[in-house]
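Peer 1: PDB, C-alpha atoms and all ligand atoms, saved as entry_6.pdb, coming up:
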ATOM      1  CA  MET V   1     171.386 101.607  65.809
ATOM      2  CA  SER V   2     173.347 104.152  63.733
ATOM      3  CA  ASP V   3     176.992 103.228  63.941
ATOM      4  CA  GLN V   4     177.701 105.048  60.706
ATOM      5  CA  GLN V   5     177.422 108.505  59.139
ATOM      6  CA  PRO V   6     174.633 110.624  60.593
ATOM      7  CA  PHE V   7     171.825 111.920  58.397
ATOM      8  CA  VAL V   8     171.075 115.634  58.526
ATOM      9  CA  ARG V   9     168.324 116.756  56.188
ATOM     10  CA  THR V  10     169.095 119.775  54.020
ATOM     11  CA  GLY V  11     166.277 119.655  51.432
ATOM     12  CA  PRO V  12     162.539 120.196  52.070
ATOM     13  CA  LEU V  13     160.892 117.907  54.624
ATOM     14  CA  MET V  14     158.152 116.707  52.269
ATOM     15  CA  ASP V  15     160.312 115.888  49.261
ATOM     16  CA  VAL V  16     161.527 112.319  48.913
ATOM     17  CA  SER V  17     164.720 113.502  47.212
ATOM     18  CA  SER V  18     165.799 115.106  50.520
ATOM     19  CA  TYR V  19     166.443 111.575  51.814
ATOM     20  CA  PRO V  20     169.157 109.005  51.000
ATOM     21  CA  ALA V  21     168.744 106.697  47.994
ATOM     22  CA  TRP V  22     167.894 103.688  50.195
ATOM     23  CA  THR V  23     165.017 105.688  51.746
ATOM     24  CA  GLN V  24     163.687 106.648  48.338
ATOM     25  CA  ASP V  25     163.728 102.954  47.302
ATOM     26  CA  LEU V  26     161.940 102.061  50.516
ATOM     27  CA  VAL V  27     159.247 104.680  49.936
ATOM     28  CA  TYR V  28     158.659 103.579  46.330
ATOM     29  CA  HIS V  29     158.535  99.917  47.262
ATOM     30  CA  CYS V  30     156.021 100.457  50.091
ATOM     31  CA  ASP V  31     153.868 102.922  48.123
ATOM     32  CA  ARG V  32     152.519  99.986  46.113
ATOM     33  CA  TYR V  33     151.062  98.515  49.288
ATOM     34  CA  LYS V  34     149.857 101.900  50.495
ATOM     35  CA  SER V  35     147.929 102.398  47.228
ATOM     36  CA  GLU V  36     145.957  99.229  47.832
ATOM     37  CA  VAL V  37     144.653 100.858  51.006
ATOM     38  CA  VAL V  38     144.123 104.347  49.619
ATOM     39  CA  GLU V  39     142.505 103.086  46.398
ATOM     40  CA  HIS V  40     140.338 100.548  48.195
ATOM     41  CA  GLU V  41     136.768 100.088  46.963
ATOM     42  CA  LEU V  42     135.385 100.758  50.441
ATOM     43  CA  PHE V  43     136.780 104.307  50.369
ATOM     44  CA  GLY V  44     135.632 104.725  46.758
ATOM     45  CA  ARG V  45     132.094 103.906  47.833
ATOM     46  CA  MET V  46     132.363 106.180  50.843
ATOM     47  CA  GLN V  47     133.473 109.034  48.592
ATOM     48  CA  GLN V  48     130.539 108.424  46.257
ATOM     49  CA  ALA V  49     128.153 108.043  49.203
ATOM     50  CA  CYS V  50     127.111 104.602  48.022
ATOM     51  CA  LEU V  51     128.547 102.349  50.709
ATOM     52  CA  ASP V  52     125.706 100.469  52.370
ATOM     53  CA  HIS V  53     124.805 101.572  55.855
ATOM     54  CA  ALA V  54     125.641  98.274  57.607
ATOM     55  CA  THR V  55     129.152  98.123  56.089
ATOM     56  CA  HIS V  56     129.744 101.769  56.889
ATOM     57  CA  LYS V  57     128.880 101.244  60.547
ATOM     58  CA  ALA V  58     130.880  98.026  60.755
ATOM     59  CA  PHE V  59     133.958  99.746  59.323
ATOM     60  CA  LEU V  60     133.758 102.611  61.820
ATOM     61  CA  SER V  61     133.362 100.200  64.674
ATOM     62  CA  GLY V  62     136.157  97.940  63.393
ATOM     63  CA  GLY V  63     138.600 100.838  63.102
ATOM     64  CA  TRP V  64     138.146 101.741  66.762
ATOM     65  CA  PRO V  65     140.746  99.443  68.414
ATOM     66  CA  VAL V  66     143.572 101.122  66.459
ATOM     67  CA  ILE V  67     142.186 104.590  67.145
ATOM     68  CA  GLU V  68     141.908 103.874  70.840
ATOM     69  CA  GLN V  69     145.374 102.346  71.092
ATOM     70  CA  PHE V  70     147.234 104.740  68.810
ATOM     71  CA  PRO V  71     148.517 107.027  71.602
ATOM     72  CA  GLN V  72     149.559 103.901  73.489
ATOM     73  CA  TYR V  73     151.688 102.721  70.564
ATOM     74  CA  MET V  74     153.403 106.093  70.693
ATOM     75  CA  ALA V  75     153.791 105.849  74.469
ATOM     76  CA  MET V  76     155.477 102.445  74.083
ATOM     77  CA  ASN V  77     157.931 104.051  71.698
ATOM     78  CA  LEU V  78     158.484 107.003  74.023
ATOM     79  CA  LEU V  79     159.548 104.527  76.707
ATOM     80  CA  LYS V  80     162.417 103.377  74.468
ATOM     81  CA  ILE V  81     164.029 106.828  74.537
ATOM     82  CA  ARG V  82     166.586 108.363  76.866
ATOM     83  CA  TYR V  83     167.062 112.120  76.595
ATOM     84  CA  GLY V  84     170.306 113.100  74.877
ATOM     85  CA  GLN V  85     171.038 109.721  73.289
ATOM     86  CA  GLY V  86     171.291 111.284  69.861
ATOM     87  CA  PRO V  87     169.533 113.632  67.437
ATOM     88  CA  GLY V  88     167.106 110.952  66.194
ATOM     89  CA  GLN V  89     166.081 110.072  69.726
ATOM     90  CA  ASP V  90     165.588 113.721  70.691
ATOM     91  CA  MET V  91     163.552 114.334  67.550
ATOM     92  CA  ALA V  92     161.404 111.267  68.269
ATOM     93  CA  ARG V  93     160.882 112.344  71.883
ATOM     94  CA  ARG V  94     159.547 115.754  70.882
ATOM     95  CA  TYR V  95     157.376 114.295  68.128
ATOM     96  CA  LEU V  96     155.851 111.581  70.313
ATOM     97  CA  ILE V  97     155.113 113.808  73.312
ATOM     98  CA  ARG V  98     153.523 116.473  71.126
ATOM     99  CA  ASN V  99     151.445 114.053  69.054
ATOM    100  CA  ILE V 100     150.181 111.898  71.907
ATOM    101  CA  ARG V 101     148.422 115.062  73.050
ATOM    102  CA  VAL V 102     147.003 115.646  69.566
ATOM    103  CA  GLU V 103     145.676 112.073  69.326
ATOM    104  CA  GLN V 104     143.693 112.528  72.524
ATOM    105  CA  ASN V 105     141.198 114.651  70.582
ATOM    106  CA  HIS V 106     141.207 112.321  67.593
ATOM    107  CA  ALA V 107     139.650 109.501  69.623
ATOM    108  CA  ASP V 108     136.809 111.868  70.626
ATOM    109  CA  HIS V 109     136.327 112.900  66.998
ATOM    110  CA  TRP V 110     136.162 109.255  65.860
ATOM    111  CA  VAL V 111     133.505 108.530  68.497
ATOM    112  CA  ASN V 112     131.485 111.546  67.290
ATOM    113  CA  TRP V 113     131.833 110.372  63.680
ATOM    114  CA  ALA V 114     130.642 106.889  64.620
ATOM    115  CA  ALA V 115     127.723 108.227  66.690
ATOM    116  CA  ALA V 116     126.581 110.507  63.855
ATOM    117  CA  SER V 117     126.727 107.480  61.514
ATOM    118  CA  GLY V 118     124.418 105.401  63.666
ATOM    119  CA  VAL V 119     127.031 103.143  65.257
ATOM    120  CA  ASP V 120     126.141 101.598  68.612
ATOM    121  CA  VAL V 121     128.939 103.413  70.477
ATOM    122  CA  PRO V 122     128.863 101.395  73.741
ATOM    123  CA  ALA V 123     129.155  98.182  71.669
ATOM    124  CA  MET V 124     132.035  99.720  69.673
ATOM    125  CA  LEU V 125     133.848 100.663  72.886
ATOM    126  CA  HIS V 126     133.173  97.561  74.943
ATOM    127  CA  GLY V 127     132.144  94.804  72.550
ATOM    128  CA  THR V 128     134.235  92.225  70.731
ATOM    129  CA  HIS V 129     135.648  92.827  67.280
ATOM    130  CA  ALA V 130     136.224  90.528  64.308
ATOM    131  CA  LEU V 131     139.568  88.756  64.116
ATOM    132  CA  GLU V 132     140.274  90.356  60.742
ATOM    133  CA  THR V 133     139.857  93.731  62.393
ATOM    134  CA  LEU V 134     141.970  92.946  65.431
ATOM    135  CA  CYS V 135     144.971  91.864  63.332
ATOM    136  CA  LEU V 136     145.910  95.490  62.667
ATOM    137  CA  SER V 137     145.818  96.587  66.298
ATOM    138  CA  GLN V 138     147.573  93.450  67.528
ATOM    139  CA  TRP V 139     150.301  93.862  64.931
ATOM    140  CA  CYS V 140     150.805  97.496  65.970
ATOM    141  CA  TRP V 141     150.958  96.519  69.621
ATOM    142  CA  GLN V 142     153.441  93.750  68.920
ATOM    143  CA  VAL V 143     155.776  95.813  66.728
ATOM    144  CA  CYS V 144     155.788  98.702  69.217
ATOM    145  CA  ASP V 145     156.366  96.375  72.148
ATOM    146  CA  ARG V 146     159.081  94.230  70.609
ATOM    147  CA  ASP V 147     160.828  96.090  67.818
ATOM    148  CA  SER V 148     163.219  99.026  67.672
ATOM    149  CA  LEU V 149     162.111 102.654  67.884
ATOM    150  CA  ALA V 150     162.757 103.191  64.152
ATOM    151  CA  VAL V 151     160.874 100.083  63.017
ATOM    152  CA  ALA V 152     157.911 100.732  65.325
ATOM    153  CA  ILE V 153     157.597 104.368  64.230
ATOM    154  CA  ALA V 154     157.783 103.167  60.613
ATOM    155  CA  ALA V 155     154.890 100.735  61.149
ATOM    156  CA  THR V 156     152.646 103.230  62.934
ATOM    157  CA  ASN V 157     153.380 106.929  62.432
ATOM    158  CA  TYR V 158     154.821 106.520  58.955
ATOM    159  CA  ALA V 159     152.772 103.693  57.425
ATOM    160  CA  ILE V 160     149.391 103.992  59.101
ATOM    161  CA  GLU V 161     149.209 107.767  59.365
ATOM    162  CA  GLY V 162     150.639 108.142  55.859
ATOM    163  CA  ALA V 163     147.982 105.928  54.261
ATOM    164  CA  THR V 164     145.294 107.479  56.454
ATOM    165  CA  GLY V 165     146.127 111.015  55.318
ATOM    166  CA  GLU V 166     145.521 109.856  51.757
ATOM    167  CA  TRP V 167     142.393 107.732  52.197
ATOM    168  CA  SER V 168     140.712 110.413  54.268
ATOM    169  CA  ALA V 169     141.598 113.012  51.599
ATOM    170  CA  ARG V 170     140.047 110.710  49.004
ATOM    171  CA  VAL V 171     136.786 110.465  50.939
ATOM    172  CA  CYS V 172     136.706 114.255  51.385
ATOM    173  CA  ALA V 173     137.649 115.034  47.766
ATOM    174  CA  GLU V 174     133.967 115.118  46.735
ATOM    175  CA  PRO V 175     131.100 116.683  48.696
ATOM    176  CA  HIS V 176     128.845 113.574  48.537
ATOM    177  CA  TYR V 177     129.986 111.878  51.708
ATOM    178  CA  ALA V 178     129.742 114.978  53.906
ATOM    179  CA  GLN V 179     126.295 115.693  52.498
ATOM    180  CA  LEU V 180     124.973 112.446  53.924
ATOM    181  CA  PHE V 181     125.102 114.012  57.361
ATOM    182  CA  ASP V 182     122.433 116.415  58.444
ATOM    183  CA  GLU V 183     123.792 119.960  58.514
ATOM    184  CA  THR V 184     123.300 120.158  62.266
ATOM    185  CA  VAL V 185     125.829 117.346  62.869
ATOM    186  CA  ARG V 186     127.949 117.561  59.702
ATOM    187  CA  ALA V 187     130.904 119.496  61.095
ATOM    188  CA  LYS V 188     131.145 117.270  64.147
ATOM    189  CA  ALA V 189     130.766 114.079  62.101
ATOM    190  CA  MET V 190     133.411 115.155  59.573
ATOM    191  CA  LYS V 191     135.972 116.501  62.037
ATOM    192  CA  TRP V 192     138.172 113.369  62.238
ATOM    193  CA  LEU V 193     138.224 112.968  58.463
ATOM    194  CA  LYS V 194     138.918 116.648  57.823
ATOM    195  CA  LEU V 195     141.794 116.693  60.304
ATOM    196  CA  HIS V 196     143.446 113.701  58.648
ATOM    197  CA  ALA V 197     142.645 114.741  55.076
ATOM    198  CA  LYS V 198     145.238 117.452  54.728
ATOM    199  CA  TYR V 199     147.243 116.781  51.584
ATOM    200  CA  ASP V 200     150.094 118.808  52.993
ATOM    201  CA  ASP V 201     150.183 116.843  56.255
ATOM    202  CA  ALA V 202     153.731 116.817  57.537
ATOM    203  CA  HIS V 203     153.186 113.973  60.042
ATOM    204  CA  PRO V 204     154.329 110.963  58.005
ATOM    205  CA  TRP V 205     157.260 112.997  56.642
ATOM    206  CA  GLU V 206     158.316 113.951  60.151
ATOM    207  CA  ALA V 207     158.165 110.260  61.028
ATOM    208  CA  LEU V 208     160.312 109.439  57.972
ATOM    209  CA  GLU V 209     162.877 112.058  58.962
ATOM    210  CA  ILE V 210     163.035 110.586  62.467
ATOM    211  CA  ILE V 211     163.493 107.055  61.088
ATOM    212  CA  VAL V 212     166.347 108.109  58.791
ATOM    213  CA  THR V 213     167.984 110.185  61.543
ATOM    214  CA  LEU V 214     167.793 107.162  63.858
ATOM    215  CA  VAL V 215     169.348 104.634  61.463
ATOM    216  CA  GLY V 216     171.784 106.992  59.694
ATOM    217  CA  LEU V 217     172.893 107.445  56.114
ATOM    218  CA  ASN V 218     174.069 103.862  55.574
ATOM    219  CA  PRO V 219     172.006 101.396  57.599
ATOM    220  CA  SER V 220     172.607  97.664  57.188
ATOM    221  CA  ALA V 221     170.620  95.712  54.623
ATOM    222  CA  GLU V 222     168.926  93.984  57.541
ATOM    223  CA  THR V 223     167.757  97.272  59.060
ATOM    224  CA  ILE V 224     166.352  98.412  55.729
ATOM    225  CA  SER V 225     164.585  95.113  55.249
ATOM    226  CA  ARG V 226     163.028  95.280  58.728
ATOM    227  CA  LEU V 227     161.760  98.800  58.034
ATOM    228  CA  ARG V 228     160.322  97.707  54.693
ATOM    229  CA  HIS V 229     158.662  94.672  56.175
ATOM    230  CA  ALA V 230     157.091  96.686  59.018
ATOM    231  CA  ILE V 231     155.677  99.367  56.717
ATOM    232  CA  CYS V 232     154.252  96.874  54.215
ATOM    233  CA  ARG V 233     152.811  94.731  57.004
ATOM    234  CA  SER V 234     150.854  97.707  58.335
ATOM    235  CA  HIS V 235     149.476  98.426  54.888
ATOM    236  CA  GLN V 236     148.598  94.755  54.371
ATOM    237  CA  PHE V 237     146.740  94.565  57.672
ATOM    238  CA  MET V 238     144.854  97.761  56.831
ATOM    239  CA  ARG V 239     143.866  96.213  53.539
ATOM    240  CA  MET V 240     142.815  92.996  55.229
ATOM    241  CA  LEU V 241     140.479  94.956  57.481
ATOM    242  CA  LEU V 242     138.969  96.755  54.490
ATOM    243  CA  ASP V 243     138.612  93.527  52.471
ATOM    244  CA  TYR V 244     136.865  91.921  55.413
ATOM    245  CA  TYR V 245     134.188  94.622  55.517
ATOM    246  CA  MET V 246     133.812  94.796  51.754
ATOM    247  CA  ARG V 247     133.213  91.059  51.537
ATOM    248  CA  SER V 248     129.763  91.417  53.059
ATOM    249  CA  ALA V 249     128.949  94.809  51.528
ATOM    250  CA  THR V 250     125.788  95.153  49.475
ATOM    251  CA  PRO V 251     126.487  96.270  45.897
ATOM    252  CA  PRO V 252     125.603  99.918  45.364
ATOM    253  CA  VAL V 253     122.349 100.274  43.486
ATOM    254  CA  ALA V 254     122.272 104.051  43.435
ATOM    255  CA  ALA V 255     124.259 106.908  44.862
ATOM    256  CA  GLY V 256     122.775 107.917  48.154
ATOM    257  CA  LEU V 257     121.938 104.382  49.267
ATOM    258  CA  MET V 258     123.923 104.978  52.392
ATOM    259  CA  ARG V 259     122.205 106.993  55.049
ATOM    260  CA  PRO V 260     123.498 107.761  58.486
ATOM    261  CA  ALA V 261     120.897 106.534  60.979
TER     262      ALA V 261
HETATM  263  C1  LIG V 301     141.908 101.881  58.378
HETATM  264  C2  LIG V 301     141.329 101.761  59.752
HETATM  265  C3  LIG V 301     141.878 100.758  57.476
HETATM  266  C4  LIG V 301     142.116 102.317  60.860
HETATM  267  C5  LIG V 301     142.611 103.722  60.677
HETATM  268  C6  LIG V 301     143.639 104.107  61.698
HETATM  269  C7  LIG V 301     144.091 105.534  61.592
HETATM  270  C8  LIG V 301     144.934 105.988  62.739
HETATM  271  C9  LIG V 301     145.215 107.475  62.730
HETATM  272  C10 LIG V 301     145.839 108.024  63.977
HETATM  273  O1  LIG V 301     146.157 109.375  63.776
HETATM  274  C11 LIG V 301     145.002 107.827  65.229
HETATM  275  C12 LIG V 301     143.759 108.695  65.337
HETATM  276  O2  LIG V 301     142.844 108.334  66.075
HETATM  277  O3  LIG V 301     143.620 109.745  64.742
HETATM  278 FE    FE V 302     145.054 111.018  64.379
END
Kindly transcribe the structure held in the file into structure tokens.
Peer 2:
Amino acid sequence: MSDQQPFVRTGPLMDVSSYPAWTQDLVYHCDRYKSEVVEHELFGRMQQACLDHATHKAFLSGGWPVIEQFPQYMAMNLLKIRYGQGPGQDMARRYLIRNIRVEQNHADHWVNWAAASGVDVPAMLHGTHALETLCLSQWCWQVCDRDSLAVAIAATNYAIEGATGEWSARVCAEPHYAQLFDETVRAKAMKWLKLHAKYDDAHPWEALEIIVTLVGLNPSAETISRLRHAICRSHQFMRMLLDYYMRSATPPVAAGLMRPA
């Protein structure tokens, strides 16, 4: 994919100015879509502990297909790589192998979070999900199956994990949500959120570095546009999922309305 000058990062990993101008434009453009996920009312209500119980459970259940499939998206991308094809490929290989292992535990933590919130876990695992929910997982599957390594990593590890680091930090920024859980289960219930809520999380930046290393310093306008489209699509599908659950949410009457079962 990179038939032009290679990119070798010299500045700090988590500073957008360490990347070429086209990458900075891409990040700024897509951040508008990311904000609509991070700033979503559903997460605002979660943070304030005033999301109604039914919507809370439905959201946790609806998020499951992506959680379950996430390591598989990464595995599909791993299959695109041959060792020694180039620095971007080698970087992606290390990243994917290491993080597939990490995501194994994340699925367990999500299940524990859902169980502590009163979700019917067997139904979440084996039942059917709303179309609006499935769009995100089907999009991820499709982009990882059919698109290039760089575009697929942009849609999943950059876009989805990037937005997730921020929305989970937002929910954890106040103590109210955690306090809904009985102390005996709180740590277990909050584990997934806490792990993703690290403001200094390097994951999406590592994904960005891989993408830029794969496509080089001067990718074609078409490559840039495919990356932009893939990132924004992921954010739009995340938002669609959130809008779907918020549509039937009960307005908050008082903080503390929401109670885990
Ligand atoms: C958000 C619903 C609107 C889906 C969130 C997907 C987050 C995926 C994070 C990734 O690290 C996989 C995981 O299970 O931790
Ligand atoms: Fe994760």
Peer 1: Can you translate the PyMOL selection byres (((not hetatm)) within 9 of (chain V and resi 302)) into the concrete residues it hits in this file, as a list in words?
Peer 2: Ile67, Phe70, Pro71, Asn99, Val102, Glu103, Gln104, Asn105, His106, Ala107, Glu161, Thr164, Trp192, Leu195 and His196 of chain V
Peer 1: Which residues sit within 10 Å of ligand LIG 301 (chain V), counting only C-alpha atoms and all ligand atoms, listed as a PyMOL selection string?
Peer 2: chain V and resi 37-38+40+42-43+59-71+73+99-100+102-111+133+136-137+156-157+159-165+167-168+192-193+195-196+203+234-243
Peer 1: Check which residues satisfy the PyMOL selection byres (((chain V and resi 143-150) around 6) and not hetatm) in the file shown, then give them as a PyMOL selection string.
Peer 2: chain V and resi 73+77+140-142+151-153+211
Peer 1: For the file shown, what are the residues hit by the PyMOL selection byres (((chain V and resi 116-128) around 10) and not hetatm), laid out as a ChimeraX atom specification?
Peer 2: /V:53-54,56-65,68,110-115,129-131,134,180-182,185-186,188-190,258-261
Peer 1: Figure out the distance between atom CA of V:Val16 and atom CA of V:Ala202, please, to one decimal in Å.
Peer 2: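 Atom-to-atom, atom CA of V:Ala202 to atom CA of V:Val16, that is 12.5 Å.
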Peer 1: Quick one: of V:Ser248, V:Ala169, V:Glu222, V:Thr213, who's nearest to V:Met91, counting only C-alpha atoms?
Peer 2: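 Closest to V:Met91, using only C-alpha atoms: V:Thr213.
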Peer 1: Please determine, counting only C-alpha atoms, which residue among V:Trp22, V:Cys50, V:Leu214, V:Pro251 has the shortest atom-to-atom distance to V:Gln85.
Peer 2: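 Ranking V:Trp22, V:Cys50, V:Leu214, V:Pro251 by distance to V:Gln85, first place goes to V:Leu214.
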Peer 1: Contacts of V:Leu217 at 7 Å or less, counting all atoms listed in the file, minus same-chain residues fewer than 5 places along, as JSON, numbers by chain?
Peer 2: {"V": [5, 6, 7, 20]}
Peer 1: Can you work out which one of V:Arg228, V:Asp31, V:Met76, V:Leu51 has the shortest atom-to-atom distance to V:Glu166, counting all atoms listed in the file?
Peer 2: V:Asp31
Peer 1: Which of these residues is nearest to V:Pro175, using all atoms listed in the file: V:Met246, V:Ile224, V:Gln47, V:Ala155?
Peer 2: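 With all atoms listed in the file as the atom set, the closest residue is V:Gln47.
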Peer 1: If you count all atoms listed in the file, which residues fall within 10 Å of V:Asp15, apart from same-chain ones fewer than 3 positions away, as a ChimeraX atom specification?
Peer 2: /V:11-12,18-19,24,205
Peer 1: Take atom CA of V:Trp139 and atom CA of V:Ala230 and report the distance between them in Å, one decimal.
Peer 2: 9.4 Å
Peer 1: Quick one: of V:Gly44, V:Arg9, V:Cys232, V:Arg170, who's nearest to V:Val27, counting all atoms listed in the file?
Peer 2: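 Counting all atoms listed in the file, the residue closest to V:Val27 is V:Cys232.
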Peer 1: Using atom CA of V:Met14 and atom CA of V:Asp201 as the two end points, give the distance in Å to one decimal.
Peer 2: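 Separation between atom CA of V:Met14 and atom CA of V:Asp201: 8.9 Å.
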Peer 1: For V:Ile97, find every residue with an atom within 9 Å (counting all atoms listed in the file), except residues of its own chain fewer than 5 positions away, and show them as a CSV table (one decimal) with C-alpha atoms, keeping the file's coordinate frame.
Peer 2:
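Listing of out-v5.csv after writing:
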chain,number,residue,atom,x,y,z
V,74,MET,CA,153.4,106.1,70.7
V,75,ALA,CA,153.8,105.8,74.5
V,78,LEU,CA,158.5,107.0,74.0
V,92,ALA,CA,161.4,111.3,68.3
Peer 1: Counting all atoms listed in the file, figure out which residue out of V:Cys172, V:Val8, V:Ile81, V:Val215 gets nearest to V:Tyr95.
Peer 2: V:Ile81
Peer 1: Excluding same-chain residues fewer than 2 positions from V:Ser225, what lies within 12 Å of it counting all atoms listed in the file, as a ChimeraX atom specification?
Peer 2: /V:22-23,25-26,29-30,151,154,219-223,227-233
